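See structure below.
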2 protein chains.
Amino acid sequence: MAEKGVKVFGMWASPMAIRVEWALRLKGVGYEYVDEDLASKSDALLRHNPVTKKVPVLVHDGKPIAESTIIVEFIDEAWKDGYPIMPADPYDRAQARFWARFADDKCNAAIFPVFTATGEAQREVVREAQRCLKTLEKALEGKKFFGGDAVGYLDVVVGWYAYWLPIIEEVSGADVVTDEGLPLMKAWFGRFLAVDVVKETLPPRDKLLAPNKARREQLSA
Amino acid sequence: MAEKGVKVFGMWASPMAIRVEWALRLKGVGYEYVDEDLASKSDALLRHNPVTKKVPVLVHDGKPIAESTIIVEFIDEAWKDGYPIMPADPYDRAQARFWARFADDKCNAAIFPVFTATGEAQREVVREAQRCLKTLEKALEGKKFFGGDAVGYLDVVVGWYAYWLPIIEEVSGADVVTDEGLPLMKAWFGRFLAVDVVKETLPPRDKLLAPNKARREQLSA
């Protein structure tokens, strides 16, 4: 049941918006979900996030918060007695934030070109994406999840790779995350997707494939 | 006196590295400062920050942390009984993080082109920088500092504007922050630069002007 005054403005296919739903569900906080048409954004979204006009936005007791990673930290702090999303130790928190920033700034930028590239150019962008993910994989060494024994902040931030990267691979025909090249990452994909709050929020694969195929055709045209 | 095991790797002219010094001084934490030559980085810097290889890096009890805003949050959490850098309320913290991200991602990107542009192109990039700062200025409304009555996280993150922007203006001949266009920001510049821990850490203006003049000549060549 939705907790009074918790509303999420998302878009069903957005890998950034789903972070907010994962964080709320880890905390066991109910919410009202509003799906936005990004081609025709609602007045409510534009009023709540006039600066970047993007989803996701979390509205808590009437007050809006934008930017998915910032929302996830807010959720952890606002419901601080619930499931711990951020690591307890300040140094571990700094490391989680560092890798989250690295993934969002570097790896996402390295992954997106895989969508559109073909031939030798594709092999090069795939190698670049793999190099970035290989660096990120260090944060998984000796651990079940990025958060340790259980899902934490960094799992929530990079969790979309586990579901969306195989779709990008299918659409583009490229192999990015292989058992040989990124064994820890690949094994984590399976473990992360088996987590209940993750499983129950994922959009249907077929429904995601269609717009991503269309996007590749449009971008590579 | 330097607290045992607190070391900052910076570069005297870096507006990102100075954030770390401001945060430590607000907390009253002594530190050893290592000035890096970015053209020939030390083995220690590369060992402590193998991923991005950038300054600043904070080393605390032998453990390195990179990325200036992440370091500032770490300092606030590691010395949590000292001067409060982050706002106490989770919502206010989320807002401070949002504006810090906005400034670093949008405003910095809008400000840097002012360096090199000339003529009509310069007038356009100046207008773009002003639009961004005008949006950021909303976070100052009704307050003495971004942090409220005293300097806080957002002041530390955007504080470099107060000292470096007038230098960029002098070097480029452009007026970006004026009393008429950005009155709250301009008044805050004066207040921020009058804060003791800020004043005592700023590099000499003349010493900063020289490389910035050289940089403009190089970039606009």
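Chain lettering (A, B, ...) mirrors the order of the structure tokens, residue numbering begins at 1 for each chain separately, and ligand numbering begins at 1 in order of display.
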
Just want the 10 Å neighbourhood of Glu200 of chain A, counted on only C-alpha atoms, with same-chain residues fewer than 5 positions away dropped. Output as a short mmCIF file (atom, residue, chain, number, x, y, z; two decimals) with N, CA and C atoms, in the first residue's frame.
data_model
loop_
_atom_site.label_atom_id
_atom_site.label_comp_id
_atom_site.auth_asym_id
_atom_site.auth_seq_id
_atom_site.Cartn_x
_atom_site.Cartn_y
_atom_site.Cartn_z
N TRP A 22 13.46 0.42 -6.80
CA TRP A 22 14.22 -0.59 -6.06
C TRP A 22 14.52 -0.12 -4.65
N ARG A 25 11.39 -0.17 -2.49
CA ARG A 25 10.97 -1.55 -2.19
C ARG A 25 11.93 -2.23 -1.21
N LEU A 193 19.46 -10.22 -10.54
CA LEU A 193 18.13 -10.38 -11.15
C LEU A 193 17.24 -11.36 -10.38
N ALA A 194 17.86 -12.15 -9.49
CA ALA A 194 17.09 -13.10 -8.69
C ALA A 194 16.55 -12.48 -7.40
N VAL A 195 16.97 -11.25 -7.10
CA VAL A 195 16.50 -10.58 -5.89
C VAL A 195 15.02 -10.20 -6.07
#

Q: Could you tell me, as a count of residues only, which residues of chain A DSSP assigns to strand (DSSP E) when given the backbone?
A: 17

Q | Interface, chain B side, toward chain A (8 Å; only C-alpha atoms) as JSON, numbers by chain | A | {"B": [51, 65, 66, 67, 70, 71, 73, 74, 77, 78, 90, 91, 93, 94, 95, 97, 98, 135]}

Q: Just the residues within 9 Å of Arg19 of chain A, please, counting only C-alpha atoms, with nothing from its chain fewer than 4 positions along; format it as a VMD selection string.
A: chain A and resid 15 23 to 24 56 68 to 69 71 to 72 156 to 160

If you keep N, CA, C and O atoms, can you produce a file of those selected residues as a PDB file, in the first residue's frame?
ATOM      1  N   PRO A  15      16.040   3.075 -17.091  1.00  0.00           N
ATOM      2  CA  PRO A  15      16.903   2.389 -16.119  1.00  0.00           C
ATOM      3  C   PRO A  15      17.314   3.294 -14.951  1.00  0.00           C
ATOM      4  O   PRO A  15      17.845   2.803 -13.958  1.00  0.00           O
ATOM      5  N   ALA A  23      14.945   1.139  -4.517  1.00  0.00           N
ATOM      6  CA  ALA A  23      15.300   1.655  -3.183  1.00  0.00           C
ATOM      7  C   ALA A  23      14.075   1.672  -2.264  1.00  0.00           C
ATOM      8  O   ALA A  23      14.149   1.256  -1.099  1.00  0.00           O
ATOM      9  N   LEU A  24      12.943   2.128  -2.776  1.00  0.00           N
ATOM     10  CA  LEU A  24      11.730   2.169  -1.949  1.00  0.00           C
ATOM     11  C   LEU A  24      11.294   0.765  -1.549  1.00  0.00           C
ATOM     12  O   LEU A  24      10.898   0.513  -0.414  1.00  0.00           O
ATOM     13  N   PRO A  56      13.802  10.250 -12.944  1.00  0.00           N
ATOM     14  CA  PRO A  56      12.758  10.163 -11.934  1.00  0.00           C
ATOM     15  C   PRO A  56      12.708  11.394 -11.033  1.00  0.00           C
ATOM     16  O   PRO A  56      13.699  12.107 -10.890  1.00  0.00           O
ATOM     17  N   SER A  68      18.360  10.477  -9.850  1.00  0.00           N
ATOM     18  CA  SER A  68      18.134   9.155  -9.263  1.00  0.00           C
ATOM     19  C   SER A  68      19.086   8.793  -8.119  1.00  0.00           C
ATOM     20  O   SER A  68      18.643   8.288  -7.086  1.00  0.00           O
ATOM     21  N   THR A  69      20.392   9.066  -8.270  1.00  0.00           N
ATOM     22  CA  THR A  69      21.308   8.653  -7.187  1.00  0.00           C
ATOM     23  C   THR A  69      21.063   9.475  -5.927  1.00  0.00           C
ATOM     24  O   THR A  69      21.202   8.971  -4.801  1.00  0.00           O
ATOM     25  N   ILE A  71      18.149  10.718  -5.082  1.00  0.00           N
ATOM     26  CA  ILE A  71      16.900  10.199  -4.511  1.00  0.00           C
ATOM     27  C   ILE A  71      17.174   8.930  -3.698  1.00  0.00           C
ATOM     28  O   ILE A  71      16.641   8.755  -2.605  1.00  0.00           O
ATOM     29  N   VAL A  72      18.027   8.055  -4.229  1.00  0.00           N
ATOM     30  CA  VAL A  72      18.330   6.802  -3.510  1.00  0.00           C
ATOM     31  C   VAL A  72      18.981   7.109  -2.158  1.00  0.00           C
ATOM     32  O   VAL A  72      18.623   6.521  -1.130  1.00  0.00           O
ATOM     33  N   VAL A 156      22.093  -0.907  -6.603  1.00  0.00           N
ATOM     34  CA  VAL A 156      20.919  -0.181  -7.091  1.00  0.00           C
ATOM     35  C   VAL A 156      21.307   0.715  -8.281  1.00  0.00           C
ATOM     36  O   VAL A 156      20.582   0.810  -9.271  1.00  0.00           O
ATOM     37  N   VAL A 157      22.472   1.354  -8.178  1.00  0.00           N
ATOM     38  CA  VAL A 157      22.888   2.296  -9.231  1.00  0.00           C
ATOM     39  C   VAL A 157      23.271   1.568 -10.517  1.00  0.00           C
ATOM     40  O   VAL A 157      22.894   1.985 -11.614  1.00  0.00           O
ATOM     41  N   VAL A 158      24.030   0.480 -10.408  1.00  0.00           N
ATOM     42  CA  VAL A 158      24.483  -0.194 -11.631  1.00  0.00           C
ATOM     43  C   VAL A 158      23.607  -1.397 -11.984  1.00  0.00           C
ATOM     44  O   VAL A 158      23.861  -2.077 -12.987  1.00  0.00           O
ATOM     45  N   GLY A 159      22.572  -1.619 -11.186  1.00  0.00           N
ATOM     46  CA  GLY A 159      21.714  -2.786 -11.383  1.00  0.00           C
ATOM     47  C   GLY A 159      21.111  -2.877 -12.776  1.00  0.00           C
ATOM     48  O   GLY A 159      20.873  -3.985 -13.283  1.00  0.00           O
ATOM     49  N   TRP A 160      20.880  -1.744 -13.410  1.00  0.00           N
ATOM     50  CA  TRP A 160      20.258  -1.772 -14.739  1.00  0.00           C
ATOM     51  C   TRP A 160      21.128  -2.500 -15.758  1.00  0.00           C
ATOM     52  O   TRP A 160      20.604  -3.059 -16.715  1.00  0.00           O
TER      53      TRP A 160
END

Q: Excluding Asn212 of chain A and any residue of its chain fewer than 3 positions from it, enumerate the residues within 9 Å of it, using only C-alpha atoms, and give them as an MDAnalysis selection string.
A: chainID A and resid 115 167:168 171 208:209 215:217

(Q) as a list in words, please: the residues near Lys134 of chain A (cut-off 9 Å, only C-alpha atoms, same-chain neighbours under 5 positions excluded). (A) Ala129, Gly181, Leu182 and Met185 of chain A

For those residues, write N, CA and C atoms to a file as a PDB file, in the first residue's frame.
ATOM      1  N   ALA A 129      33.835  -0.333 -23.652  1.00  0.00           N
ATOM      2  CA  ALA A 129      32.824  -0.636 -22.623  1.00  0.00           C
ATOM      3  C   ALA A 129      33.334  -1.737 -21.693  1.00  0.00           C
ATOM      4  N   GLY A 181      35.434 -12.771 -20.053  1.00  0.00           N
ATOM      5  CA  GLY A 181      35.990 -11.422 -19.892  1.00  0.00           C
ATOM      6  C   GLY A 181      35.590 -10.752 -18.590  1.00  0.00           C
ATOM      7  N   LEU A 182      34.364 -10.964 -18.165  1.00  0.00           N
ATOM      8  CA  LEU A 182      33.851 -10.274 -16.975  1.00  0.00           C
ATOM      9  C   LEU A 182      33.092 -11.276 -16.102  1.00  0.00           C
ATOM     10  N   MET A 185      31.179  -9.925 -12.939  1.00  0.00           N
ATOM     11  CA  MET A 185      30.030  -9.112 -13.351  1.00  0.00           C
ATOM     12  C   MET A 185      28.903 -10.005 -13.866  1.00  0.00           C
TER      13      MET A 185
END

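One distance worth recording is that between atom CA of Thr116 of chain B and atom CA of Trp188 of chain B, which is 26.1 Å.
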